[in-house]
$ cat final.txt   # compact mmCIF, C-alpha atoms
# COMPACT_ATOMS: atom_id res chain seq x y z
CA MET Y 323 20.19 15.32 -31.19
CA SER Y 324 22.23 12.23 -31.90
CA ARG Y 325 21.63 9.16 -29.77
CA THR Y 326 24.26 6.74 -28.51
CA ALA Y 327 23.93 3.23 -29.86
CA PRO Y 328 21.62 1.08 -27.70
CA SER Y 329 24.37 -1.42 -26.92
CA SER Y 330 26.75 1.19 -25.54
CA ARG Y 331 27.43 1.56 -21.84
CA VAL Y 332 28.70 4.74 -20.22
CA GLU Y 333 31.05 4.10 -17.31
CA GLY Y 334 30.39 6.10 -14.16
CA ALA Y 335 26.92 7.09 -15.38
CA PRO Y 336 23.90 7.53 -13.06
CA LEU Y 337 22.03 4.36 -12.20
CA LEU Y 338 18.96 5.77 -13.99
CA ARG Y 339 18.77 8.55 -16.54
CA ALA Y 340 15.95 9.88 -18.68
CA GLU Y 341 16.61 12.18 -21.62
CA GLY Y 342 13.88 14.13 -23.41
CA LEU Y 343 11.05 11.79 -22.46
CA VAL Y 344 7.73 12.54 -24.18
CA LYS Y 345 4.50 10.58 -23.82
CA THR Y 346 1.03 11.52 -25.07
CA HIS Y 347 -2.10 9.47 -24.37
CA TYR Y 348 -4.75 9.33 -27.09
CA GLY Y 349 -8.37 8.47 -26.51
CA GLU Y 350 -11.72 10.17 -26.64
CA GLY Y 351 -11.35 13.92 -26.63
CA ALA Y 352 -8.14 15.91 -26.84
CA PRO Y 353 -4.75 14.17 -26.54
CA ALA Y 354 -3.36 14.13 -22.98
CA HIS Y 355 0.27 15.28 -22.87
CA ALA Y 356 1.35 13.26 -19.85
CA VAL Y 357 5.14 13.72 -20.06
CA ARG Y 358 6.67 16.66 -21.92
CA GLY Y 359 10.42 16.48 -22.54
CA VAL Y 360 11.62 15.26 -19.14
CA ASP Y 361 15.31 14.97 -18.28
CA LEU Y 362 16.16 13.15 -15.06
CA ALA Y 363 19.19 11.49 -13.44
CA VAL Y 364 19.19 9.30 -10.32
CA ARG Y 365 22.44 8.31 -8.65
CA GLN Y 366 23.13 4.99 -6.98
CA GLY Y 367 21.75 5.06 -3.43
CA GLU Y 368 19.48 8.08 -3.90
CA PHE Y 369 15.91 8.22 -2.65
CA VAL Y 370 13.96 10.49 -5.03
CA ALA Y 371 10.32 11.42 -4.48
CA VAL Y 372 8.28 12.71 -7.43
CA THR Y 373 5.33 14.73 -6.18
CA GLY Y 374 2.54 16.67 -7.82
CA PRO Y 375 -1.23 16.86 -8.22
CA SER Y 376 -3.38 14.10 -9.64
CA GLY Y 377 -3.11 14.03 -13.42
CA ALA Y 378 0.31 15.69 -13.49
CA GLY Y 379 1.85 12.68 -15.27
CA LYS Y 380 3.80 11.23 -12.32
CA SER Y 381 2.71 7.62 -12.79
CA THR Y 382 3.25 7.78 -16.55
CA LEU Y 383 6.80 8.97 -15.91
CA LEU Y 384 7.42 6.06 -13.53
CA HIS Y 385 5.98 3.60 -16.04
CA LEU Y 386 8.33 4.94 -18.71
CA LEU Y 387 11.31 4.56 -16.36
CA GLY Y 388 10.36 0.93 -15.68
CA GLY Y 389 9.60 -0.01 -19.28
CA LEU Y 390 5.89 -0.53 -18.60
CA GLN Y 391 5.17 2.06 -21.28
CA ARG Y 392 7.27 3.22 -24.23
CA PRO Y 393 7.99 6.92 -24.78
CA ASP Y 394 6.93 8.64 -27.97
CA SER Y 395 10.42 10.11 -28.01
CA GLY Y 396 13.41 10.32 -25.70
CA SER Y 397 15.49 7.62 -24.02
CA VAL Y 398 15.88 5.82 -20.70
CA TRP Y 399 19.32 4.67 -19.56
CA LEU Y 400 19.87 1.95 -16.96
CA ASP Y 401 23.29 1.82 -15.35
CA GLY Y 402 24.79 3.60 -18.35
CA GLU Y 403 23.06 1.45 -20.98
CA CYS Y 404 20.48 2.88 -23.38
CA THR Y 405 17.23 0.90 -23.42
CA ASP Y 406 15.94 2.13 -26.80
CA ALA Y 407 16.33 -1.29 -28.41
CA TYR Y 408 14.94 -3.30 -25.47
CA SER Y 409 12.15 -5.66 -26.46
CA GLU Y 410 9.20 -6.36 -24.18
CA ALA Y 411 10.89 -9.62 -23.20
CA ARG Y 412 14.11 -7.79 -22.31
CA TRP Y 413 12.21 -5.28 -20.18
CA ALA Y 414 10.50 -8.18 -18.40
CA VAL Y 415 13.92 -9.64 -17.59
CA GLU Y 416 15.09 -6.26 -16.25
CA ARG Y 417 12.01 -6.01 -14.02
CA ARG Y 418 12.77 -9.45 -12.61
CA SER Y 419 16.41 -8.66 -11.92
CA ARG Y 420 17.43 -5.00 -11.80
CA ILE Y 421 14.13 -3.17 -11.25
CA GLY Y 422 11.60 -3.84 -8.50
CA ILE Y 423 8.19 -2.16 -8.79
CA VAL Y 424 5.55 -1.56 -6.11
CA PHE Y 425 2.08 -0.39 -7.16
CA GLN Y 426 -0.74 1.44 -5.37
CA PHE Y 427 -3.12 -1.52 -5.57
CA PHE Y 428 -0.49 -4.16 -4.75
CA ASN Y 429 -0.98 -6.24 -7.95
CA LEU Y 430 -0.57 -9.50 -6.06
CA VAL Y 431 -1.69 -12.73 -7.73
CA SER Y 432 -4.97 -13.37 -5.92
CA ASN Y 433 -4.95 -17.16 -6.27
CA LEU Y 434 -1.39 -17.59 -5.01
CA SER Y 435 -0.37 -17.65 -1.36
CA VAL Y 436 1.83 -14.98 0.18
CA ALA Y 437 4.82 -17.32 -0.04
CA ASP Y 438 4.19 -18.08 -3.71
CA ASN Y 439 3.68 -14.41 -4.58
CA VAL Y 440 7.09 -13.53 -3.13
CA GLU Y 441 8.95 -16.58 -4.43
CA LEU Y 442 7.63 -16.45 -8.00
CA PRO Y 443 9.88 -13.59 -9.23
CA ALA Y 444 12.90 -15.29 -7.69
CA LEU Y 445 12.11 -18.56 -9.44
CA LEU Y 446 11.55 -16.75 -12.75
CA ALA Y 447 14.94 -15.07 -12.30
CA GLY Y 448 16.64 -18.45 -12.01
CA LEU Y 449 16.99 -18.99 -8.27
CA SER Y 450 16.57 -22.54 -7.03
CA PRO Y 451 13.46 -23.32 -4.97
CA LYS Y 452 15.67 -23.51 -1.87
CA GLN Y 453 17.20 -20.09 -2.54
CA ALA Y 454 13.82 -18.53 -3.34
CA ARG Y 455 12.36 -19.91 -0.12
CA ALA Y 456 15.29 -18.58 1.92
CA GLU Y 457 14.92 -15.09 0.42
CA ARG Y 458 11.18 -15.15 0.99
CA GLU Y 459 11.59 -16.23 4.62
CA ARG Y 460 14.15 -13.48 5.27
CA LEU Y 461 12.01 -10.73 3.80
CA LEU Y 462 8.70 -11.79 5.34
CA ALA Y 463 10.35 -12.01 8.76
CA GLU Y 464 11.85 -8.54 8.38
CA LEU Y 465 8.54 -7.10 7.21
CA GLY Y 466 6.64 -8.54 10.16
CA LEU Y 467 4.76 -11.15 8.14
CA ASP Y 468 5.82 -14.30 9.95
CA GLY Y 469 2.96 -16.77 10.01
CA LYS Y 470 1.31 -15.28 6.92
CA GLU Y 471 3.12 -17.47 4.38
CA ARG Y 472 0.09 -19.63 3.57
CA SER Y 473 -2.43 -16.81 3.67
CA MET Y 474 -4.07 -15.63 0.47
CA PRO Y 475 -3.85 -11.92 -0.44
CA GLY Y 476 -7.58 -11.41 0.14
CA GLU Y 477 -7.17 -12.52 3.76
CA LEU Y 478 -4.70 -9.72 4.53
CA SER Y 479 -5.17 -6.08 5.44
CA GLY Y 480 -4.15 -3.42 2.94
CA GLY Y 481 -0.97 -2.68 4.85
CA GLU Y 482 -0.06 -6.37 4.95
CA GLN Y 483 -0.69 -6.73 1.22
CA GLN Y 484 1.59 -3.78 0.50
CA ARG Y 485 4.32 -5.34 2.65
CA VAL Y 486 3.99 -8.55 0.64
CA ALA Y 487 4.24 -6.48 -2.56
CA LEU Y 488 7.38 -4.83 -1.20
CA ALA Y 489 8.89 -8.22 -0.38
CA ARG Y 490 8.09 -9.42 -3.89
CA ALA Y 491 9.73 -6.32 -5.42
CA LEU Y 492 12.89 -6.76 -3.33
CA VAL Y 493 13.31 -10.54 -3.44
CA ASN Y 494 15.83 -10.40 -6.30
CA HIS Y 495 17.86 -7.56 -4.73
CA PRO Y 496 17.14 -5.08 -7.55
CA SER Y 497 19.47 -2.14 -7.91
CA LEU Y 498 16.45 0.14 -8.45
CA LEU Y 499 13.08 0.20 -6.68
CA LEU Y 500 10.21 2.10 -8.33
CA ALA Y 501 7.19 2.80 -6.11
CA ASP Y 502 3.98 4.16 -7.64
CA GLU Y 503 1.77 5.69 -4.90
CA PRO Y 504 2.55 2.75 -2.57
CA ALA Y 505 0.43 4.24 0.24
CA GLY Y 506 -2.32 5.61 -1.99
CA SER Y 507 -4.88 3.04 -0.88
CA LEU Y 508 -3.73 2.76 2.75
CA ASP Y 509 -4.83 4.46 5.98
CA SER Y 510 -2.54 6.58 8.14
CA LYS Y 511 -1.08 3.55 9.92
CA GLY Y 512 -0.33 1.84 6.62
CA THR Y 513 1.28 5.00 5.28
CA ARG Y 514 3.55 5.20 8.32
CA GLU Y 515 4.53 1.56 7.83
CA VAL Y 516 5.41 2.09 4.18
CA THR Y 517 7.39 5.24 5.01
CA ARG Y 518 9.35 3.41 7.70
CA LEU Y 519 10.10 0.43 5.48
CA LEU Y 520 11.22 2.48 2.48
CA SER Y 521 13.48 4.51 4.77
CA ARG Y 522 14.96 1.36 6.25
CA PHE Y 523 15.86 -0.13 2.89
CA HIS Y 524 17.19 3.21 1.65
CA GLN Y 525 19.46 3.47 4.67
CA ARG Y 526 21.00 0.18 3.54
CA GLY Y 527 21.78 1.64 0.12
CA GLN Y 528 18.66 0.84 -1.90
CA THR Y 529 18.04 3.29 -4.75
CA ILE Y 530 14.38 4.36 -4.76
CA VAL Y 531 12.23 6.46 -7.07
CA LEU Y 532 8.88 7.12 -5.42
CA VAL Y 533 5.77 8.71 -6.95
CA THR Y 534 3.47 10.13 -4.29
CA HIS Y 535 1.10 12.97 -3.50
CA ASP Y 536 1.63 12.33 0.24
CA ALA Y 537 4.01 14.77 1.96
CA ARG Y 538 4.69 12.25 4.73
CA LEU Y 539 6.12 9.76 2.27
CA ALA Y 540 8.00 12.41 0.31
CA SER Y 541 9.66 13.68 3.48
CA ALA Y 542 11.61 10.41 3.76
CA ALA Y 543 13.45 11.10 0.49
CA ASP Y 544 16.84 12.70 -0.16
CA ARG Y 545 15.43 14.72 -3.01
CA VAL Y 546 11.98 15.89 -4.05
CA ILE Y 547 10.99 16.57 -7.66
CA SER Y 548 7.82 18.61 -8.14
CA PHE Y 549 6.01 17.45 -11.27
CA PHE Y 550 3.33 19.57 -12.89
CA ASP Y 551 1.61 19.35 -16.26
CA GLY Y 552 4.05 16.71 -17.51
CA ARG Y 553 7.17 18.69 -16.63
CA VAL Y 554 9.68 18.98 -13.80
CA ALA Y 555 8.69 22.20 -12.03
CA ASP Y 556 11.30 21.96 -9.25
CA ASP Y 557 14.08 19.61 -8.18
CA ALA Y 558 15.42 20.09 -4.66
CA GLU Y 559 17.47 18.14 -2.16
CA LEU Y 560 16.37 17.97 1.46
CA ASP Y 561 18.68 19.58 4.02
CA ALA Y 562 17.84 17.06 6.70
CA ALA Y 563 17.71 13.97 4.51
CA PRO Y 564 17.95 10.71 6.49
CA VAL Y 565 21.48 9.58 7.25
CA ARG Y 566 21.96 5.91 6.45
CA GLY Y 567 22.00 3.94 9.63
CA GLY Y 568 20.19 6.74 11.49
CA GLY Y 569 16.69 7.98 11.94
CA ILE Y 570 14.51 10.39 10.01
CA SER Y 571 14.62 14.01 11.07
CA GLY Y 572 11.30 15.38 12.15
CA VAL Y 573 11.54 18.66 10.21
CA LEU Y 574 12.80 18.82 6.66
CA GLU Y 575 13.62 21.93 4.71
CA LEU Y 576 14.27 22.27 1.00
CA ARG Y 577 17.69 23.36 -0.16
CA ASP Y 578 17.89 25.79 -3.07
$ encode --input "final.txt" --output "structure tokens"
Amino acid sequence: MSRTAPSSRVEGAPLLRAEGLVKTHYGEGAPAHAVRGVDLAVRQGEFVAVTGPSGAGKSTLLHLLGGLQRPDSGSVWLDGECTDAYSEARWAVERRSRIGIVFQFFNLVSNLSVADNVELPALLAGLSPKQARAERERLLAELGLDGKERSMPGELSGGEQQRVALARALVNHPSLLLADEPAGSLDSKGTREVTRLLSRFHQRGQTIVLVTHDARLASAADRVISFFDGRVADDAELDAAPVRGGGISGVLELRD
């Protein structure tokens, strides 16, 4: 199959598209075929949940979409632009500007304060200290973290740390938010908080791709992709998907 030149841009294309993604992990024992020829398209403003059992390859898929890993074959397209020729430095720029990522274990810088953790990506992206501070103040206030600016990550609860991680991921207004098991290390209260916050930002138009094994989190999405053994086993929209500006329906049913 021929591949469009990396510099080309396709007008009107999905915000995110994967074509024929393959990734195999090699180590001791037999090779692990984590992603096997995955095609995927995500439109602007969609909230897509990727669900499946542990070891299905969900996190590897998300890492490929965010440039944290390179596929063995296949391509990822961002806003109509093929990323095949992106260097590590270019991917780092994209993750500071167009792609926000939230991880299961927060990945906060332990020796930086909450304020510094949130402001750092903004400063690296070129915002002035005044602008970075204003964005940080806005997000921490919205996420219920007023008064925590000078706290260190280790002084916060798991739910608070994940809210800081979410603020850090959103500080540069990325067009795409990737979330890798963001409630995987949280209790039920923390999971509810993350679900509510992701829904709130989605209702404002944020595009989200979420990897989760938690049905509560997945139920907040517009669309649920079932991932099994490195492949897309099912791809279904939710009949009662949240309406932007409204609440989340209590019962969701899959549409054929």
$ closest_residue --input "final.txt" --among "Y:Leu390, Y:Ala414, Y:Ala542, Y:Val436" --to "Arg455 (chain Y)" --atoms "all atoms listed in the file"
Y:Val436
$ atom_distance --input "final.txt" --atom1 "CA of Leu499 (chain Y)" --atom2 "CA of Arg418 (chain Y)"
11.3 Å
$ closest_residue --input "final.txt" --among "Y:Leu498, Y:Ala505, Y:Val516, Y:Ala352" --to "Val364 (chain Y)" --atoms "all atoms listed in the file"
Y:Leu498
$ closest_residue --input "final.txt" --among "Y:Pro504, Y:Gly374, Y:Gly480, Y:Pro393" --to "Ala340 (chain Y)" --atoms "all atoms listed in the file"
Y:Pro393
$ closest_residue --input "final.txt" --among "Y:Ala537, Y:Leu430, Y:Leu343, Y:Ala558" --to "Ala489 (chain Y)" --atoms "only C-alpha atoms"
Y:Leu430
$ atom_distance --input "final.txt" --atom1 "CA of Gly506 (chain Y)" --atom2 "CA of Ala356 (chain Y)"
19.8 Å
$ atom_distance --input "final.txt" --atom1 "CA of Leu519 (chain Y)" --atom2 "CA of Arg460 (chain Y)"
14.5 Å
$ closest_residue --input "final.txt" --among "Y:Val533, Y:Ile421, Y:Leu465, Y:Ile547" --to "His495 (chain Y)" --atoms "only C-alpha atoms"
Y:Ile421
$ closest_residue --input "final.txt" --among "Y:Leu362, Y:Ala437, Y:Leu500, Y:Ala491" --to "Met474 (chain Y)" --atoms "only C-alpha atoms"
Y:Ala437
